[in-house]
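What follows is coords-v7.txt (compact mmCIF, C-alpha atoms).
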```txt
# COMPACT_ATOMS: atom_id res chain seq x y z
CA MET H 1 4.51 11.43 -17.86
CA PRO H 2 2.58 14.03 -15.82
CA LYS H 3 2.28 17.46 -17.42
CA ASP H 4 4.11 20.38 -15.86
CA LYS H 5 0.88 21.92 -14.54
CA VAL H 6 0.35 18.95 -12.19
CA ARG H 7 1.04 20.04 -8.61
CA ARG H 8 4.29 18.71 -7.19
CA VAL H 9 4.87 18.20 -3.47
CA TYR H 10 8.18 17.42 -1.79
CA LEU H 11 8.16 14.90 1.04
CA GLY H 12 10.56 15.52 3.92
CA ARG H 13 11.79 13.12 6.58
CA HIS H 14 8.35 12.65 8.18
CA LEU H 15 5.62 10.54 6.59
CA MET H 16 2.23 11.07 8.21
CA VAL H 17 -0.54 8.45 8.02
CA LYS H 18 -4.03 8.24 9.54
CA GLY H 19 -4.20 6.58 12.93
CA GLU H 20 -6.53 3.88 11.63
CA TYR H 21 -3.75 2.56 9.38
CA VAL H 22 -1.13 2.13 12.13
CA ASN H 23 -1.92 -1.50 12.97
CA ALA H 24 -1.92 -2.52 9.30
CA ILE H 25 1.51 -0.95 8.85
CA LEU H 26 2.91 -2.65 11.95
CA LYS H 27 1.54 -6.01 10.76
CA GLY H 28 2.98 -5.54 7.28
CA GLU H 29 -0.48 -5.49 5.69
CA LYS H 30 -0.04 -1.94 4.39
CA THR H 31 3.25 -1.29 2.60
CA THR H 32 2.29 1.70 0.47
CA THR H 33 0.64 5.05 0.91
CA ILE H 34 -1.08 6.91 -1.92
CA ARG H 35 -1.02 10.70 -2.10
CA LEU H 36 -2.68 13.15 -4.46
CA GLY H 37 -0.41 14.81 -7.01
CA ILE H 38 3.23 14.21 -7.80
CA VAL H 39 5.00 13.62 -4.50
CA ILE H 40 8.80 13.67 -4.61
CA PRO H 41 10.60 12.27 -1.53
CA ARG H 42 13.74 14.16 -0.53
CA HIS H 43 15.08 11.28 1.58
CA ARG H 44 15.12 7.50 1.28
CA GLU H 45 14.78 6.97 5.04
CA VAL H 46 11.73 8.48 6.75
CA ILE H 47 10.03 8.44 10.14
CA ILE H 48 6.40 7.32 9.98
CA HIS H 49 3.85 8.97 12.28
CA GLY H 50 0.25 7.93 12.86
CA GLY H 51 -2.42 8.79 15.41
CA GLY H 52 -0.17 11.38 17.04
CA LYS H 53 2.61 8.86 17.68
CA VAL H 54 5.79 7.68 16.04
CA ILE H 55 5.33 4.26 14.42
CA GLY H 56 8.94 3.72 13.42
CA LYS H 57 11.53 4.21 10.71
CA ALA H 58 11.06 3.10 7.12
CA ILE H 59 12.92 2.93 3.85
CA ILE H 60 11.18 4.22 0.73
CA GLU H 61 11.68 1.44 -1.80
CA GLU H 62 9.75 2.74 -4.80
CA VAL H 63 7.80 5.78 -5.97
CA ARG H 64 5.32 5.52 -8.85
CA HIS H 65 2.93 8.03 -10.43
CA LYS H 66 -0.43 6.99 -11.88
CA LYS H 67 -3.79 8.41 -12.83
CA VAL H 68 -6.61 7.33 -10.53
CA LYS H 69 -8.29 5.45 -13.39
CA ASP H 70 -5.11 3.35 -13.80
CA LEU H 71 -4.93 2.17 -10.21
CA SER H 72 -5.04 -1.62 -9.97
CA TYR H 73 -6.23 -4.37 -7.66
CA GLU H 74 -2.60 -4.93 -6.67
CA ASP H 75 -2.24 -1.26 -5.75
CA ALA H 76 -5.27 -1.62 -3.47
CA ILE H 77 -3.94 -4.76 -1.76
CA LEU H 78 -0.52 -3.21 -1.07
CA ASP H 79 -2.28 -0.17 0.40
CA GLY H 80 -4.27 -2.38 2.78
CA PHE H 81 -7.61 -2.48 0.94
CA SER H 82 -9.56 -5.42 -0.43
CA SER H 83 -10.45 -3.89 -3.80
CA LYS H 84 -9.71 -1.00 -6.13
CA GLU H 85 -13.20 0.36 -5.47
CA GLU H 86 -12.61 0.42 -1.71
CA LEU H 87 -9.27 2.15 -2.23
CA ILE H 88 -10.79 4.88 -4.40
CA ARG H 89 -13.66 5.41 -1.92
CA GLU H 90 -11.12 6.01 0.85
CA LEU H 91 -9.04 8.33 -1.33
CA LYS H 92 -12.14 10.41 -2.07
CA LYS H 93 -12.77 10.81 1.65
CA VAL H 94 -9.34 12.41 1.98
CA TYR H 95 -9.41 14.21 -1.38
CA PRO H 96 -13.04 15.17 -2.19
CA ASP H 97 -12.02 16.72 -5.53
CA LEU H 98 -10.34 13.53 -6.73
CA LYS H 99 -11.07 12.71 -10.37
CA ARG H 100 -10.37 9.69 -12.56
CA SER H 101 -7.84 11.82 -14.42
CA SER H 102 -6.08 13.01 -11.24
CA TYR H 103 -2.47 11.97 -10.76
CA VAL H 104 -1.54 10.20 -7.53
CA THR H 105 1.78 9.03 -6.14
CA ILE H 106 2.23 5.51 -4.79
CA ILE H 107 4.97 5.44 -2.17
CA LYS H 108 6.15 1.93 -1.33
CA PHE H 109 7.96 1.64 1.99
CA ARG H 110 9.50 -1.00 4.24
CA LEU H 111 9.37 -0.60 8.00
CA ILE H 112 12.89 -1.22 9.29
CA GLU H 113 12.42 -0.26 12.94
CA LYS H 114 9.29 -0.28 15.10
CA ALA H 115 9.18 2.27 17.89
CA GLU H 116 7.43 -0.20 20.19
CA GLU H 117 10.18 -2.83 19.87
CA SER H 118 13.10 -0.79 21.05
CA GLU H 119 12.87 -0.74 24.86
CA ASP H 120 16.46 -1.85 25.49
CA ALA H 121 18.14 0.55 23.07
CA ILE H 122 19.66 3.70 24.49
CA TYR H 123 17.32 5.95 22.51
CA LYS H 124 14.45 3.46 22.06
CA GLY H 125 15.93 2.34 18.77
CA PHE H 126 16.18 5.81 17.27
CA GLU H 127 19.31 7.70 16.39
CA PRO H 128 19.86 10.98 18.29
CA VAL H 129 19.13 12.88 15.08
CA ASP H 130 15.74 11.10 14.89
CA ILE H 131 14.88 12.17 18.43
CA ALA H 132 15.89 15.75 17.63
CA ARG H 133 13.74 15.89 14.49
CA ILE H 134 10.71 14.29 16.16
CA ALA H 135 10.95 16.61 19.16
CA LEU H 136 11.17 19.67 16.91
CA LYS H 137 8.25 18.50 14.79
CA TYR H 138 5.95 18.07 17.81
CA ASP H 139 7.24 21.29 19.46
CA ILE H 140 7.56 19.74 22.92
CA PRO H 141 8.16 22.01 25.94
CA LEU H 142 11.88 22.79 25.97
CA SER H 143 13.89 25.94 26.50
CA GLU H 144 15.04 27.94 23.49
CA ARG H 145 18.61 26.84 24.18
CA GLU H 146 17.56 23.19 24.22
CA LYS H 147 15.60 23.64 21.00
CA ASN H 148 18.61 25.29 19.37
CA ILE H 149 20.76 22.31 20.37
CA LEU H 150 18.20 19.94 18.83
CA LYS H 151 18.13 22.03 15.66
CA LEU H 152 21.91 21.79 15.51
CA VAL H 153 21.80 17.98 15.87
CA ALA H 154 19.06 17.76 13.21
CA ASP H 155 21.06 19.97 10.86
CA LYS H 156 24.49 18.37 11.40
CA GLY H 157 23.17 14.80 11.50
CA SER H 158 25.04 13.58 14.59
CA ILE H 159 25.96 14.46 18.17
CA ARG H 160 29.65 14.48 17.25
CA ARG H 161 29.31 17.08 14.49
CA ALA H 162 26.90 19.15 16.58
CA SER H 163 29.34 19.19 19.52
CA GLN H 164 32.15 20.38 17.25
CA GLU H 165 29.91 23.23 16.17
CA LEU H 166 29.26 24.09 19.83
CA GLY H 167 32.95 24.29 20.58
CA GLY H 168 34.41 20.81 20.89
CA LEU H 169 33.77 17.14 21.59
CA ASN H 170 33.65 17.89 25.32
CA LYS H 171 30.19 19.39 24.63
CA ARG H 172 28.75 15.97 23.77
CA PHE H 173 27.47 15.35 27.30
CA ILE H 174 25.38 18.55 27.10
CA ILE H 175 23.81 17.43 23.83
CA ARG H 176 23.16 13.90 25.10
CA ARG H 177 21.42 15.34 28.17
CA VAL H 178 19.08 17.38 25.95
CA ILE H 179 18.40 14.37 23.71
CA ARG H 180 17.54 12.22 26.76
CA LYS H 181 15.25 14.94 28.11
CA ALA H 182 13.49 15.26 24.75
CA LEU H 183 13.06 11.49 24.55
CA LYS H 184 11.59 11.37 28.06
CA ILE H 185 9.01 14.04 27.17
CA LEU H 186 8.16 12.31 23.88
CA ILE H 187 7.48 9.06 25.78
CA GLU H 188 5.47 10.81 28.49
CA LYS H 189 3.30 12.45 25.83
CA GLY H 190 2.81 9.12 24.04
CA ILE H 191 4.47 10.33 20.86
CA ILE H 192 7.09 7.59 21.18
CA LYS H 193 6.08 4.40 22.98
CA ALA H 194 8.30 2.64 25.46
CA GLY H 195 8.83 -1.00 24.58
CA ASN H 196 6.80 -2.41 27.48
CA GLU H 197 3.70 -0.38 26.73
CA LYS H 198 0.82 -1.86 24.76
CA ASP H 199 -1.23 0.03 22.25
CA GLU H 200 -4.71 0.29 23.72
CA LYS H 201 -6.21 0.47 20.25
CA GLN H 202 -4.93 -2.96 19.25
```

Can you give me the file's structure in the form of structure tokens?
Amino acid sequence: MPKDKVRRVYLGRHLMVKGEYVNAILKGEKTTTIRLGIVIPRHREVIIHGGGKVIGKAIIEEVRHKKVKDLSYEDAILDGFSSKEELIRELKKVYPDLKRSSYVTIIKFRLIEKAEESEDAIYKGFEPVDIARIALKYDIPLSEREKNILKLVADKGSIRRASQELGGLNKRFIIRRVIRKALKILIEKGIIKAGNEKDEKQ
């Protein structure tokens, strides 16, 4: 087990990856991400971002801790690389101080919802709470009141509970209007893709 002096990092609801890995994730060729130190996810379900856009929602299926020297060929393949050597070279680009004795965390995930496949859903396949959290993370142009409503949705976990906090279920239409506005801005900025748009990088 890692010693207490090893740095621990807590992972929230947003999992960020480099833009160059987006296609591999969408194709199912990359099902893990490796981070320096002991990373401890706070949530099983996360939203994956890459290249300044939302890729989709994923379930964290497994979290393992290893020293760099103990990484295997299988670890490399699951992370989208052809060999352990290639994997370690890429890790060193991100973490220049990486050593053979350094601990890393292997986070295995399963993409359960692709942002690009959800054109017909009311919120492009995302729950209102997802839209609220994404909008707040990217700090899109909204009024303070609108941001406070999104914070309330993110905190309470649903439009229903947020509306009760605002004064009653009759407030739901106000919250839905803010969620729709936030979604529209996220799409316009390319953070969330509409289903009929193609990724120019593919």

Problem set entry | Which residue of H:Thr32, H:Ile47, H:Gly19, H:Lys171 approaches Glu74 in chain H most closely, using all atoms listed in the file | H:Thr32

Residues within 12 Å of (12.4, 18.3, 22.8), file coordinates, counting all atoms listed in the file: what are they? Give the list as a PDB file with C-alpha atoms, keeping the file's coordinate frame.
```pdb
ATOM      1  CA  PRO H 128      19.860  10.980  18.290  1.00  0.00           C
ATOM      2  CA  VAL H 129      19.130  12.880  15.080  1.00  0.00           C
ATOM      3  CA  ASP H 130      15.740  11.100  14.890  1.00  0.00           C
ATOM      4  CA  ILE H 131      14.880  12.170  18.430  1.00  0.00           C
ATOM      5  CA  ALA H 132      15.890  15.750  17.630  1.00  0.00           C
ATOM      6  CA  ARG H 133      13.740  15.890  14.490  1.00  0.00           C
ATOM      7  CA  ILE H 134      10.710  14.290  16.160  1.00  0.00           C
ATOM      8  CA  ALA H 135      10.950  16.610  19.160  1.00  0.00           C
ATOM      9  CA  LEU H 136      11.170  19.670  16.910  1.00  0.00           C
ATOM     10  CA  LYS H 137       8.250  18.500  14.790  1.00  0.00           C
ATOM     11  CA  TYR H 138       5.950  18.070  17.810  1.00  0.00           C
ATOM     12  CA  ASP H 139       7.240  21.290  19.460  1.00  0.00           C
ATOM     13  CA  ILE H 140       7.560  19.740  22.920  1.00  0.00           C
ATOM     14  CA  PRO H 141       8.160  22.010  25.940  1.00  0.00           C
ATOM     15  CA  LEU H 142      11.880  22.790  25.970  1.00  0.00           C
ATOM     16  CA  SER H 143      13.890  25.940  26.500  1.00  0.00           C
ATOM     17  CA  GLU H 144      15.040  27.940  23.490  1.00  0.00           C
ATOM     18  CA  ARG H 145      18.610  26.840  24.180  1.00  0.00           C
ATOM     19  CA  GLU H 146      17.560  23.190  24.220  1.00  0.00           C
ATOM     20  CA  LYS H 147      15.600  23.640  21.000  1.00  0.00           C
ATOM     21  CA  ASN H 148      18.610  25.290  19.370  1.00  0.00           C
ATOM     22  CA  ILE H 149      20.760  22.310  20.370  1.00  0.00           C
ATOM     23  CA  LEU H 150      18.200  19.940  18.830  1.00  0.00           C
ATOM     24  CA  LYS H 151      18.130  22.030  15.660  1.00  0.00           C
ATOM     25  CA  VAL H 153      21.800  17.980  15.870  1.00  0.00           C
ATOM     26  CA  ALA H 154      19.060  17.760  13.210  1.00  0.00           C
ATOM     27  CA  ILE H 175      23.810  17.430  23.830  1.00  0.00           C
ATOM     28  CA  ARG H 176      23.160  13.900  25.100  1.00  0.00           C
ATOM     29  CA  ARG H 177      21.420  15.340  28.170  1.00  0.00           C
ATOM     30  CA  VAL H 178      19.080  17.380  25.950  1.00  0.00           C
ATOM     31  CA  ILE H 179      18.400  14.370  23.710  1.00  0.00           C
ATOM     32  CA  ARG H 180      17.540  12.220  26.760  1.00  0.00           C
ATOM     33  CA  LYS H 181      15.250  14.940  28.110  1.00  0.00           C
ATOM     34  CA  ALA H 182      13.490  15.260  24.750  1.00  0.00           C
ATOM     35  CA  LEU H 183      13.060  11.490  24.550  1.00  0.00           C
ATOM     36  CA  LYS H 184      11.590  11.370  28.060  1.00  0.00           C
ATOM     37  CA  ILE H 185       9.010  14.040  27.170  1.00  0.00           C
ATOM     38  CA  LEU H 186       8.160  12.310  23.880  1.00  0.00           C
ATOM     39  CA  ILE H 187       7.480   9.060  25.780  1.00  0.00           C
ATOM     40  CA  GLU H 188       5.470  10.810  28.490  1.00  0.00           C
ATOM     41  CA  LYS H 189       3.300  12.450  25.830  1.00  0.00           C
ATOM     42  CA  ILE H 191       4.470  10.330  20.860  1.00  0.00           C
TER      43      ILE H 191
END
```

Exercise. How many Å separate CA of Ile174 in chain H from CA of Ile192 in chain H?
Worked result: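 Computing the Euclidean distance for CA of Ile174 in chain H and CA of Ile192 in chain H yields 22.1 Å.
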
Problem set entry | Å distance separating CA of Pro41 in chain H from CA of Val104 in chain H, one decimal place | 13.7 Å

Do a neighbour search on Arg172 in chain H at 9 Å with only C-alpha atoms, toss out local chain neighbours closer than 3 positions, and write the hits as a PDB file with C-alpha atoms, in the frame of the given file.
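What follows is the written file selection26.pdb:
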```pdb
ATOM      1  CA  ILE H 159      25.960  14.460  18.170  1.00  0.00           C
ATOM      2  CA  ARG H 160      29.650  14.480  17.250  1.00  0.00           C
ATOM      3  CA  ALA H 162      26.900  19.150  16.580  1.00  0.00           C
ATOM      4  CA  SER H 163      29.340  19.190  19.520  1.00  0.00           C
ATOM      5  CA  GLN H 164      32.150  20.380  17.250  1.00  0.00           C
ATOM      6  CA  GLY H 168      34.410  20.810  20.890  1.00  0.00           C
ATOM      7  CA  LEU H 169      33.770  17.140  21.590  1.00  0.00           C
ATOM      8  CA  ILE H 175      23.810  17.430  23.830  1.00  0.00           C
ATOM      9  CA  ARG H 176      23.160  13.900  25.100  1.00  0.00           C
ATOM     10  CA  ARG H 177      21.420  15.340  28.170  1.00  0.00           C
TER      11      ARG H 177
END
```

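Nearest residue to Leu166 in chain H among H:Leu71, H:Ile59, H:Val46, H:Leu152 is H:Leu152, counting all atoms listed in the file.
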
For this session: Pick out the residues sitting within 7 Å of Thr31 in chain H, and hand them over as a ChimeraX atom specification; count all atoms listed in the file, and ignore anything fewer than 4 positions along from it in its own chain.
Result: /H:25,78-79,108-110

Exercise. So how many Å separate CA of Gly28 in chain H and CA of Leu111 in chain H, to one decimal?
Worked result: 8.1 Å

For this session: Around the point (12.3, 16.0, -3.0), in the coordinates given by the file, pick out the residues reaching within 12 Å, counting only C-alpha atoms, and return them as number ranges by chain.
Result: H: 8-13, 38-44, 63

For this session: Measuring atom to atom with all atoms listed in the file, identify which of H:Ser83, H:Asn23, H:Ser102, H:Ser158 is nearest to Glu127 in chain H.
Result: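 Of H:Ser83, H:Asn23, H:Ser102, H:Ser158, the one nearest Glu127 in chain H, counting all atoms listed in the file, is H:Ser158.
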
Problem set entry | Contacts of Ser82 in chain H at 12 Å (all atoms listed in the file; same-chain gap of 5+ positions) as a PyMOL selection string | chain H and resi 29-30+72-77+87-90
